[in-house]
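Quick notes on the structure that follows.
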Amino acid sequence: MSGLPSQPYKGAKDYYPEDMRVRNYIFTTWKRVVEGFGYEAYDAPLLEPLDLYTAKTGQEIVNEQTYQFVDRGGRTVAIRPEMTPSVSRMVAARRQELGYPARLYSLAQFMRYERPQRGREREFWQMNVDMFGADAVTSDAEIIIIADKLMRAFGADKKMYTIRINNRKMINLMMSEYLGLDVVQSQMMIKLFDRKDKLPREEFDEQARNIFGDEQHFEGMNKISKLLQASSMAELPRELLDSESVREVQELFTLLHESGVDNAAFDISLMRGFDYYTGMVFEVFDNHPDNNRAMFGGGRYDGLVGLFGVEPITTVGFAPGLTTMELFLEAHGLMPQLPSTTDVYVVTLGDVHKQARKLAQDLRDEGVRVALDSTGRKLDKQIKTAVKHKINYLLFVGEKEVDSGVYRLKDVLNETEQELSLERIVTTVKDRRRKQKQAVTPDPDDLGVDL
RNA sequence: GCGAACGUAGCUCAGUUGGUUAGAGCGCUGGUCUGUGGAUCCGGAGGUCGUGGGUUCAAGCCCCAUCGUUCGCCCCA
């Protein structure tokens, strides 16, 4: 025995059936919500030319955090670390025939060479949701409404999370017109705002003063404290309220409010990927004390499709991650009991294998998912196996049942038992399956989806 | 990339100032039972203490390195 290590690659995870139940639950819930808004599935290659990423972001991130190699044909390729460049490429390639607005989503895995931490892995799964070719504020609103519905679809209530919203255009306006900063100063100030909650107040102030330089800092600091005090749009300094970008943000909040998104808050310190966002940015924050963090976010990035040498196409989107969603559901006690995909486990008593096999096949022909215990083991072992696999029903098949055509079907969870014919077994199981599906994934009608 | 903690059976963990053959619960397995046993009772297997060096008469325990996990920083496209 040489003993090859059985653990998975660093930062990657094995998905056993119990893990897949969770993953499938989250994915199908996501799918149902975004498809309810008319988004259609797409996918892209796992590998892309490295250039696709260097063109978009800082060289440093690409070099340090992508898995890259030279293929046999000498091309430098990378395992995709995100979906946005790929989907932008796809849109650019068929820009004439997509039909706008184009609503697209994907469920895909990615790899980044990072230090694994809680909620952050090297291999991870995300859903990417993007709308192309729609620049009205209503599309910004739609994206945030979807993010909100995503949370509600898992049974989250508005106390459990907060949606924080800001706008890059508005920030740029504040930096240049209101605070009077040049481009370089603005960049520094934006980074500083982003780190506001991580710095002690004195250090924040000192760094802000440094950015202003000597002459302006007194007035500048005054204005900054006015900005930071604003917990809603209405509290912003009067000089700003008149601008177009501010009005746009106000309109966004009105739209959200009308759609029942009432836990969205304006947050001037929210910056998020300042390298390519061009308008609205938002983040969904987990309010649970054990898990206080930004879960996922997104925003408007109108410049990416244009990088492919075609006329720019406006884009707004977001991307929730599987692991963070899982941590959220666990922290808030929202993870349901997830049964096996197998409906029925056939337990055999005595020498009835042939008949049990036939019964199992008959049930399968009727659309029931059946696993047959063909081991001939003792009753308790057979039952234990079914329970371990979280299978909903046990079906006892012995000589008595074979003779009568009436079988004992046991509901494992409720520990109730019925004597049923084959037809009744089929309807009982399917009925239960339908109810369970509704309980685990609420009907889209209950989500209050409209826009 | 930086700082810190942890790593003992499949899982959760105990293991005295370094001192004989390293323990428990759960799980697994065999029997009991022989149509609900998913229980009870009785038995059993399973660990080169993450790995490799070192100190020592003696290392699960001390030292170094390495791998992995976790937490914080950086970053988070």
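Chain labels run A, B, ... following the order of the structure tokens; each chain numbers its residues from 1, and ligands are numbered from 1 in the order shown.
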- Just the strand (DSSP E) stuff from range 98-145 of chain A, please, per backbone DSSP, written as JSON, numbers by chain. {"A": [102, 103, 104, 105, 106, 107, 108, 109, 110, 111, 123, 124, 125, 126, 127, 128, 129, 130, 131, 132]}
- Task: Restrict the distance test to only C-alpha atoms (C1' of nucleotides), flag each residue of chain A within 8 Å of chain B, and return the flagged residues as a VMD selection string.
- Result: chain A and resid 10 57 61 81 to 82 117 to 118 273 349 379 to 380 383 to 384 387 398
- If you count only C-alpha atoms (C1' of nucleotides), which residues fall within 12 Å of Ser176 in chain A, apart from same-chain ones fewer than 4 positions away, as a PyMOL selection string? chain A and resi 169-172+180-187+189-190+212+220+240
Create the file for the chosen residues now, containing C-alpha atoms and written as a short mmCIF file (atom, residue, chain, number, x, y, z; two decimals), in the first residue's frame.
```
data_model
loop_
_atom_site.label_atom_id
_atom_site.label_comp_id
_atom_site.auth_asym_id
_atom_site.auth_seq_id
_atom_site.Cartn_x
_atom_site.Cartn_y
_atom_site.Cartn_z
CA LYS A 169 -20.60 58.17 -11.81
CA MET A 170 -21.87 59.97 -8.76
CA ILE A 171 -18.67 59.27 -6.86
CA ASN A 172 -16.61 60.67 -9.72
CA GLY A 180 -12.17 69.45 -6.27
CA LEU A 181 -9.77 66.53 -6.66
CA ASP A 182 -7.82 65.70 -9.79
CA VAL A 183 -7.83 62.24 -11.36
CA VAL A 184 -4.95 60.87 -9.30
CA GLN A 185 -6.31 62.29 -6.05
CA SER A 186 -9.74 60.87 -6.84
CA GLN A 187 -8.33 57.40 -7.30
CA MET A 189 -9.67 58.98 -2.24
CA ILE A 190 -11.87 56.25 -3.70
CA PHE A 212 -5.96 67.00 -0.26
CA GLY A 220 -12.03 69.33 2.05
CA LEU A 240 -24.93 67.69 -5.22
#
```
- Using only C-alpha atoms (C1' of nucleotides), which residues sit within 12 Å of G44 in chain B once same-chain residues fewer than 6 positions away are excluded, as an NGL selection string? :B and (28-31)
Those same residues - C-alpha atoms (C1' of nucleotides) - I'd like them written as a compact mmCIF listing (two decimals), in the first residue's frame.
```
# COMPACT_ATOMS: atom_id res chain seq x y z
C1' C B 28 -18.27 0.49 10.68
C1' U B 29 -18.37 -4.94 11.09
C1' G B 30 -20.08 -10.04 13.06
C1' G B 31 -23.63 -12.33 16.18
```
- Item | Close residues, Gln207 in chain A itself excluded, 12 Å, only C-alpha atoms (C1' of nucleotides), min 5 positions apart in chain, as a ChimeraX atom specification | /A:185,188-193,195-196,199-202,212-213,217,221
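In this structure, CA of Gln126 in chain A sits 6.3 Å away from CA of Gln109 in chain A.
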- Message: Quick one: residues within 10 Å of Ser106 in chain A, only C-alpha atoms (C1' of nucleotides), excluding same-chain residues fewer than 5 positions away - as number ranges by chain?
- Response: A: 31, 39-44, 83, 87, 126-130, 319
Store the residues of this selection in a file with N, CA, C and O atoms, as a compact mmCIF listing (two decimals), in the first residue's frame.
```txt
# COMPACT_ATOMS: atom_id res chain seq x y z
N LYS A 31 -31.53 29.29 -10.41
CA LYS A 31 -32.02 29.15 -11.78
C LYS A 31 -33.46 29.58 -11.89
O LYS A 31 -33.84 30.30 -12.81
N TYR A 39 -34.04 35.38 -17.93
CA TYR A 39 -32.63 35.20 -18.25
C TYR A 39 -32.43 33.80 -18.80
O TYR A 39 -33.07 32.84 -18.34
N GLU A 40 -31.54 33.67 -19.79
CA GLU A 40 -31.33 32.39 -20.46
C GLU A 40 -29.91 31.90 -20.22
O GLU A 40 -28.95 32.68 -20.16
N ALA A 41 -29.78 30.58 -20.13
CA ALA A 41 -28.50 29.98 -19.77
C ALA A 41 -27.52 30.01 -20.94
O ALA A 41 -27.90 29.88 -22.09
N TYR A 42 -26.25 30.18 -20.60
CA TYR A 42 -25.17 30.06 -21.58
C TYR A 42 -23.98 29.44 -20.86
O TYR A 42 -24.00 29.29 -19.62
N ASP A 43 -22.96 29.07 -21.59
CA ASP A 43 -21.71 28.64 -20.97
C ASP A 43 -20.56 29.04 -21.88
O ASP A 43 -20.79 29.44 -23.02
N ALA A 44 -19.36 28.96 -21.37
CA ALA A 44 -18.18 29.36 -22.13
C ALA A 44 -17.06 28.37 -21.79
O ALA A 44 -17.21 27.59 -20.86
N MET A 83 -16.24 35.04 -15.06
CA MET A 83 -16.99 34.83 -16.29
C MET A 83 -17.10 36.09 -17.15
O MET A 83 -17.29 36.01 -18.36
N VAL A 87 -18.11 36.22 -21.19
CA VAL A 87 -19.45 36.54 -21.68
C VAL A 87 -19.41 37.84 -22.50
O VAL A 87 -20.13 37.97 -23.49
N GLN A 126 -20.03 29.92 -9.19
CA GLN A 126 -20.77 31.18 -9.19
C GLN A 126 -21.89 31.13 -10.21
O GLN A 126 -21.78 30.45 -11.22
N MET A 127 -22.91 31.89 -9.93
CA MET A 127 -23.86 32.18 -10.99
C MET A 127 -23.57 33.60 -11.48
O MET A 127 -23.41 34.51 -10.67
N ASN A 128 -23.46 33.76 -12.79
CA ASN A 128 -23.28 35.09 -13.36
C ASN A 128 -24.57 35.52 -14.05
O ASN A 128 -25.08 34.79 -14.89
N VAL A 129 -25.06 36.68 -13.68
CA VAL A 129 -26.32 37.18 -14.24
C VAL A 129 -26.03 38.54 -14.85
O VAL A 129 -25.56 39.44 -14.16
N ASP A 130 -26.27 38.68 -16.14
CA ASP A 130 -25.95 39.94 -16.80
C ASP A 130 -27.03 40.33 -17.80
O ASP A 130 -27.60 39.48 -18.48
N ALA A 319 -22.89 38.51 -9.53
CA ALA A 319 -22.50 37.11 -9.47
C ALA A 319 -22.43 36.62 -8.03
O ALA A 319 -21.48 36.92 -7.31
```
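CA of Gln438 in chain A is positioned 28.2 Å from CA of Val347 in chain A.
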- Give me every alpha helix (DSSP H) residue in range 216-396 of chain A, going by DSSP on the backbone, as a PyMOL selection string. chain A and resi 217-229+238-241+244-258+322-331+353-365+379-388
